[in-house]
Amino acid sequence: MGRGTFERWSIDIVGSIVALQQGSGPVYDDGASAPDGSIPVQDGLLKADDRCAMDWEYDRLTTATGMKYYAYPYADWWRTELIRHLISITLSKGKLLPFLSFWPAGIPAVAVISHDSDINKDEHAAATLQLLREVDARSTWCMLEPGYSSATYDEVKADGHDLCLHYNALDMEGGKWDEEAFRNQSKWLRDAAGIDRISSNKNHYTRFEGWGELYRWCEQNGIESDQTRGPSKKGNIGLIFGTCHPYFPVSDFMEGNRSYDVLEIGFLSQDLNHPELYDSSLVDPFLNIVRESEGVAHFLFHQVHIYNFEPVRQAVREVVAGARQRGFALWTVDEVNQWERARRSVSIAGVDESGRPVLEGEELPQATVVYVPVSADSSATDGDCEIKFGFVCRKYTICERNDG
Ligand SMILES: [Zn+2]
């Protein structure tokens, strides 16, 4: 193709990534349950996991104690293959293709703990606050109407946790799947909790319908991130949507395949060690997969189960300890959202004569790391180099704006 090349793959890579992350189609009816009975998604409720591109048999692994989980971040792997190929053809033409790290310098991956306030008793919140103080972690609190007392909100805010929406669209609990209900519940939370901004939402029961409605409603109400895409059943936990990375969902053709201005940050599991669910043998495999993919390990624990079950409290301790031991940062959902948006506002203008990247951006995030691939020979590393996407990359940490 002139001086360029035409690179052809016999796989629709981007389409596959979207189908994995956002579902193999819009949710208009129940998905099929797994024939072994372990994933009964056909339950008369429309949810995110009613459209799942994973295979119940081939895509799950089992822990030593018999817990089955989706184990493969296929969407992240496809993205990696695409980036790897881009770098390889760029290097073969003698060009440089610098790129930003996923996280700030020194952070290999991020762990997030979130809660849904189902039942809404203040004593459940108090038990959760106490546990979080014990493990010295901040978390993300998704509030279901009618929520907690204002004194509890004050404590949650004082401890630095996120206060977010737990949108209820469950008909049997008086909820409704529509724009007005979403707006009313957003308004309720802002008034009840005394907050101007709701940073994030997670839907009660992982209720989900159609394709992009939820993201449109988030945009309309100034909600910058969503956490609804996770498992609702015991047997479909883990990498059910093929990714542990935050991403901006894409609309269908009706909205011109635009990206919604809502960062999706899905979760891996609900209430590890709950007697009717699964045990904490999943903590290590989940953290290891996420560490390898440099993503977000997002664990959901309901305050009511933290209050009721010592084993659930123990699982929270194991998640925090396992994440710290691996060097993860423990962030709230909004911290992930703010970092990712700041990171994406940076552009790499080029490299200077010494090969150092020159960055441009409104507000350059602190300790931004830029990698410059220099060689396909992965044995040729030296002090400033790391292997990324299979290539030797020179590593530059940019600490302040335009210091590069
Ligand atoms: Zn809920």
# chains A, B, ... in the order shown; residues from 1 in each chain; ligands from 1
call {"tool": "select_by_dssp", "arguments": {"residues": "segment 66-242 of chain A", "states": "strand (DSSP E)", "output": "NGL selection string"}}
result
:A and (68-70 or 99-100 or 110-116 or 140-143 or 162-167 or 200-203 or 225-226)
call {"tool": "residues_near_ligand", "arguments": {"ligand": "ligand 1", "cutoff": "12 Å", "atoms": "only C-alpha atoms and all ligand atoms", "output": "ChimeraX atom specification"}}
result
/A:114-120,141-145,147,165-170,173,175,201-207,227-228,232,270-271,300-305
call {"tool": "atom_distance", "arguments": {"atom1": "atom CA of Ser281 of chain A", "atom2": "atom CA of Tyr247 of chain A"}}
result
27.7 Å
call {"tool": "closest_atom_pairs", "arguments": {"of": "segment 44-153 of chain A", "to": "segment 350-372 of chain A", "cutoff": "7 Å", "atoms": "only C-alpha atoms", "output": "JSON lines"}}
result
{"residue": "A:Leu96", "atom": "CA", "partner": "A:Val372", "partner_atom": "CA", "distance": 6.8}
{"residue": "A:Leu97", "atom": "CA", "partner": "A:Val372", "partner_atom": "CA", "distance": 6.4}
{"residue": "A:Pro98", "atom": "CA", "partner": "A:Val372", "partner_atom": "CA", "distance": 4.3}
{"residue": "A:Phe99", "atom": "CA", "partner": "A:Tyr371", "partner_atom": "CA", "distance": 5.4}
{"residue": "A:Leu100", "atom": "CA", "partner": "A:Val370", "partner_atom": "CA", "distance": 4.5}
{"residue": "A:Ser101", "atom": "CA", "partner": "A:Val369", "partner_atom": "CA", "distance": 5.4}
{"residue": "A:Pro104", "atom": "CA", "partner": "A:Thr368", "partner_atom": "CA", "distance": 5.3}
{"residue": "A:Ala105", "atom": "CA", "partner": "A:Ala367", "partner_atom": "CA", "distance": 5.4}
call {"tool": "closest_residue", "arguments": {"among": "A:Glu213, A:Asn288, A:Gly160, A:Pro108", "to": "Leu129 of chain A", "atoms": "only C-alpha atoms"}}
result
A:Gly160
call {"tool": "select_by_dssp", "arguments": {"residues": "segment 40-194 of chain A", "states": "alpha helix (DSSP H)", "output": "ChimeraX atom specification"}}
result
/A:74-92,122-135,150-158,179-193
call {"tool": "residues_around", "arguments": {"residues": "Thr5 of chain A", "least_positions_apart": "6", "cutoff": "12 Å", "atoms": "only C-alpha atoms", "output": "PyMOL selection string"}}
result
chain A and resi 86+89-90+92-93
call {"tool": "write_last_selection", "arguments": {"atoms": "all heavy atoms", "output": "CSV table (one decimal), in the first residue's frame"}}
result
chain,number,residue,atom,x,y,z
A,86,LEU,N,0.4,-3.3,16.8
A,86,LEU,CA,0.7,-1.9,16.4
A,86,LEU,C,2.2,-1.5,16.7
A,86,LEU,O,2.9,-0.9,15.9
A,86,LEU,CB,-0.2,-0.9,17.2
A,86,LEU,CG,-1.5,-0.5,16.6
A,86,LEU,CD1,-2.3,0.3,17.6
A,86,LEU,CD2,-1.3,0.3,15.3
A,89,ILE,N,4.6,-3.3,14.2
A,89,ILE,CA,4.8,-2.8,12.9
A,89,ILE,C,5.4,-1.4,12.9
A,89,ILE,O,6.1,-1.0,12.0
A,89,ILE,CB,3.4,-2.8,12.1
A,89,ILE,CG1,2.3,-2.1,12.9
A,89,ILE,CG2,3.0,-4.1,11.7
A,89,ILE,CD1,1.0,-2.0,12.1
A,90,THR,N,5.2,-0.7,14.0
A,90,THR,CA,5.8,0.6,14.1
A,90,THR,C,7.3,0.5,14.3
A,90,THR,O,8.1,1.2,13.6
A,90,THR,CB,5.3,1.4,15.4
A,90,THR,OG1,3.9,1.3,15.4
A,90,THR,CG2,5.6,2.8,15.4
A,92,SER,N,9.1,-2.0,13.3
A,92,SER,CA,9.7,-2.5,12.0
A,92,SER,C,9.9,-1.4,11.0
A,92,SER,O,10.6,-1.6,10.1
A,92,SER,CB,8.8,-3.6,11.5
A,92,SER,OG,7.6,-3.1,10.9
A,93,LYS,N,9.2,-0.3,11.1
A,93,LYS,CA,9.4,0.8,10.2
A,93,LYS,C,10.3,1.9,10.8
A,93,LYS,O,10.5,3.0,10.3
A,93,LYS,CB,8.0,1.5,9.9
A,93,LYS,CG,7.1,0.6,9.1
A,93,LYS,CD,5.8,1.3,8.8
A,93,LYS,CE,4.8,0.3,8.3
A,93,LYS,NZ,5.2,-0.4,7.1
call {"tool": "closest_residue", "arguments": {"among": "A:His274, A:Arg51, A:Arg3, A:Lys234", "to": "Arg313 of chain A", "atoms": "only C-alpha atoms"}}
result
A:His274
call {"tool": "closest_residue", "arguments": {"among": "A:Leu45, A:Pro231, A:Asp50, A:Thr63", "to": "Asp171 of chain A", "atoms": "only C-alpha atoms"}}
result
A:Leu45
call {"tool": "residues_around", "arguments": {"residues": "segment 11-18 of chain A", "least_positions_apart": "4", "cutoff": "9 Å", "atoms": "only C-alpha atoms", "output": "MDAnalysis selection string"}}
result
chainID A and resid 22:24 74:76 78:79 82 242:243 249:250
call {"tool": "residues_around", "arguments": {"residues": "Ala71 of chain A", "least_positions_apart": "6", "cutoff": "12 Å", "atoms": "only C-alpha atoms", "output": "PDB file with N, CA and C atoms, in the first residue's frame"}}
result
ATOM      1  N   MET A  54     -19.449 -15.354  27.540  1.00  0.00           N
ATOM      2  CA  MET A  54     -18.618 -16.448  28.058  1.00  0.00           C
ATOM      3  C   MET A  54     -19.346 -17.790  27.944  1.00  0.00           C
ATOM      4  N   ASP A  55     -18.567 -18.862  27.937  1.00  0.00           N
ATOM      5  CA  ASP A  55     -19.109 -20.211  27.917  1.00  0.00           C
ATOM      6  C   ASP A  55     -19.054 -20.791  29.333  1.00  0.00           C
ATOM      7  N   TRP A  56     -20.215 -21.267  29.824  1.00  0.00           N
ATOM      8  CA  TRP A  56     -20.292 -21.748  31.209  1.00  0.00           C
ATOM      9  C   TRP A  56     -19.356 -22.931  31.440  1.00  0.00           C
ATOM     10  N   GLU A  57     -19.044 -23.703  30.373  1.00  0.00           N
ATOM     11  CA  GLU A  57     -18.230 -24.907  30.544  1.00  0.00           C
ATOM     12  C   GLU A  57     -16.744 -24.627  30.309  1.00  0.00           C
ATOM     13  N   TYR A  58     -16.425 -23.947  29.205  1.00  0.00           N
ATOM     14  CA  TYR A  58     -15.019 -23.808  28.808  1.00  0.00           C
ATOM     15  C   TYR A  58     -14.307 -22.626  29.459  1.00  0.00           C
ATOM     16  N   ASP A  59     -15.054 -21.630  29.915  1.00  0.00           N
ATOM     17  CA  ASP A  59     -14.407 -20.402  30.376  1.00  0.00           C
ATOM     18  C   ASP A  59     -14.335 -20.271  31.895  1.00  0.00           C
ATOM     19  N   ARG A  60     -14.709 -21.353  32.597  1.00  0.00           N
ATOM     20  CA  ARG A  60     -14.623 -21.282  34.060  1.00  0.00           C
ATOM     21  C   ARG A  60     -13.527 -22.214  34.585  1.00  0.00           C
ATOM     22  N   LEU A  61     -12.893 -21.812  35.677  1.00  0.00           N
ATOM     23  CA  LEU A  61     -11.983 -22.673  36.430  1.00  0.00           C
ATOM     24  C   LEU A  61     -12.605 -22.918  37.801  1.00  0.00           C
ATOM     25  N   THR A  62     -12.036 -23.859  38.555  1.00  0.00           N
ATOM     26  CA  THR A  62     -12.571 -24.219  39.864  1.00  0.00           C
ATOM     27  C   THR A  62     -11.461 -24.108  40.902  1.00  0.00           C
ATOM     28  N   THR A  63     -11.755 -23.484  42.037  1.00  0.00           N
ATOM     29  CA  THR A  63     -10.738 -23.387  43.104  1.00  0.00           C
ATOM     30  C   THR A  63     -10.649 -24.732  43.840  1.00  0.00           C
ATOM     31  N   GLY A 235     -22.674 -18.873  40.276  1.00  0.00           N
ATOM     32  CA  GLY A 235     -21.776 -19.580  39.347  1.00  0.00           C
ATOM     33  C   GLY A 235     -21.162 -18.722  38.259  1.00  0.00           C
ATOM     34  N   ASN A 236     -21.492 -17.409  38.213  1.00  0.00           N
ATOM     35  CA  ASN A 236     -20.927 -16.632  37.096  1.00  0.00           C
ATOM     36  C   ASN A 236     -20.059 -15.462  37.564  1.00  0.00           C
ATOM     37  N   ILE A 237     -19.378 -15.665  38.685  1.00  0.00           N
ATOM     38  CA  ILE A 237     -18.502 -14.620  39.210  1.00  0.00           C
ATOM     39  C   ILE A 237     -17.166 -14.580  38.460  1.00  0.00           C
ATOM     40  N   GLY A 238     -16.392 -13.550  38.749  1.00  0.00           N
ATOM     41  CA  GLY A 238     -15.078 -13.421  38.124  1.00  0.00           C
ATOM     42  C   GLY A 238     -15.120 -12.542  36.888  1.00  0.00           C
ATOM     43  N   LEU A 239     -14.381 -12.970  35.850  1.00  0.00           N
ATOM     44  CA  LEU A 239     -14.232 -12.145  34.646  1.00  0.00           C
ATOM     45  C   LEU A 239     -15.393 -12.401  33.691  1.00  0.00           C
ATOM     46  N   ILE A 240     -16.607 -12.267  34.190  1.00  0.00           N
ATOM     47  CA  ILE A 240     -17.804 -12.598  33.392  1.00  0.00           C
ATOM     48  C   ILE A 240     -17.901 -11.755  32.132  1.00  0.00           C
ATOM     49  N   PHE A 241     -17.400 -10.515  32.163  1.00  0.00           N
ATOM     50  CA  PHE A 241     -17.464  -9.662  30.980  1.00  0.00           C
ATOM     51  C   PHE A 241     -16.088  -9.448  30.350  1.00  0.00           C
ATOM     52  N   GLY A 242     -15.173 -10.381  30.642  1.00  0.00           N
ATOM     53  CA  GLY A 242     -13.917 -10.446  29.883  1.00  0.00           C
ATOM     54  C   GLY A 242     -12.923  -9.331  30.156  1.00  0.00           C
ATOM     55  N   THR A 243     -13.194  -8.478  31.141  1.00  0.00           N
ATOM     56  CA  THR A 243     -12.267  -7.376  31.384  1.00  0.00           C
ATOM     57  C   THR A 243     -12.184  -7.039  32.862  1.00  0.00           C
ATOM     58  N   CYS A 244     -11.025  -6.575  33.287  1.00  0.00           N
ATOM     59  CA  CYS A 244     -10.907  -5.993  34.623  1.00  0.00           C
ATOM     60  C   CYS A 244     -10.450  -4.542  34.495  1.00  0.00           C
ATOM     61  N   LEU A 268     -16.267  -8.193  40.476  1.00  0.00           N
ATOM     62  CA  LEU A 268     -15.929  -9.608  40.311  1.00  0.00           C
ATOM     63  C   LEU A 268     -16.862 -10.548  41.079  1.00  0.00           C
ATOM     64  N   LEU A 282     -11.378 -17.550  46.388  1.00  0.00           N
ATOM     65  CA  LEU A 282     -11.343 -16.789  45.127  1.00  0.00           C
ATOM     66  C   LEU A 282     -10.463 -15.552  45.211  1.00  0.00           C
ATOM     67  N   ASP A 284      -7.261 -15.011  46.030  1.00  0.00           N
ATOM     68  CA  ASP A 284      -5.951 -15.107  45.375  1.00  0.00           C
ATOM     69  C   ASP A 284      -6.052 -15.174  43.850  1.00  0.00           C
ATOM     70  N   PRO A 285      -6.874 -16.087  43.296  1.00  0.00           N
ATOM     71  CA  PRO A 285      -6.953 -16.098  41.826  1.00  0.00           C
ATOM     72  C   PRO A 285      -7.425 -14.765  41.238  1.00  0.00           C
ATOM     73  N   PHE A 286      -8.405 -14.122  41.874  1.00  0.00           N
ATOM     74  CA  PHE A 286      -8.892 -12.848  41.336  1.00  0.00           C
ATOM     75  C   PHE A 286      -7.773 -11.797  41.362  1.00  0.00           C
ATOM     76  N   LEU A 287      -7.079 -11.693  42.501  1.00  0.00           N
ATOM     77  CA  LEU A 287      -6.022 -10.678  42.586  1.00  0.00           C
ATOM     78  C   LEU A 287      -4.884 -11.001  41.621  1.00  0.00           C
ATOM     79  N   ASN A 288      -4.581 -12.279  41.452  1.00  0.00           N
ATOM     80  CA  ASN A 288      -3.483 -12.637  40.536  1.00  0.00           C
ATOM     81  C   ASN A 288      -3.814 -12.304  39.082  1.00  0.00           C
ATOM     82  N   ILE A 289      -5.055 -12.601  38.666  1.00  0.00           N
ATOM     83  CA  ILE A 289      -5.462 -12.281  37.286  1.00  0.00           C
ATOM     84  C   ILE A 289      -5.386 -10.767  37.072  1.00  0.00           C
ATOM     85  N   VAL A 290      -5.903 -10.022  38.045  1.00  0.00           N
ATOM     86  CA  VAL A 290      -5.957  -8.562  37.895  1.00  0.00           C
ATOM     87  C   VAL A 290      -4.551  -7.972  37.920  1.00  0.00           C
ATOM     88  N   SER A 293      -3.071  -8.465  34.545  1.00  0.00           N
ATOM     89  CA  SER A 293      -3.680  -7.606  33.527  1.00  0.00           C
ATOM     90  C   SER A 293      -3.558  -6.127  33.860  1.00  0.00           C
TER      91      SER A 293
END
call {"tool": "closest_residue", "arguments": {"among": "A:Tyr148, A:Tyr28, A:Phe299, A:Phe102", "to": "His124 of chain A", "atoms": "only C-alpha atoms"}}
result
A:Tyr148
call {"tool": "residues_around", "arguments": {"residues": "Asn273 of chain A", "least_positions_apart": "5", "cutoff": "9 Å", "atoms": "only C-alpha atoms", "output": "VMD selection string"}}
result
chain A and resid 278 to 281 309 to 315
call {"tool": "residues_around", "arguments": {"residues": "Val296 of chain A", "least_positions_apart": "6", "cutoff": "6 Å", "atoms": "only C-alpha atoms", "output": "list in words"}}
result
Val110, Ala111, Cys244 and His245 of chain A
call {"tool": "closest_residue", "arguments": {"among": "A:Gly322, A:Gly295, A:Gly2, A:Gly256", "to": "Trp77 of chain A", "atoms": "only C-alpha atoms"}}
result
A:Gly295
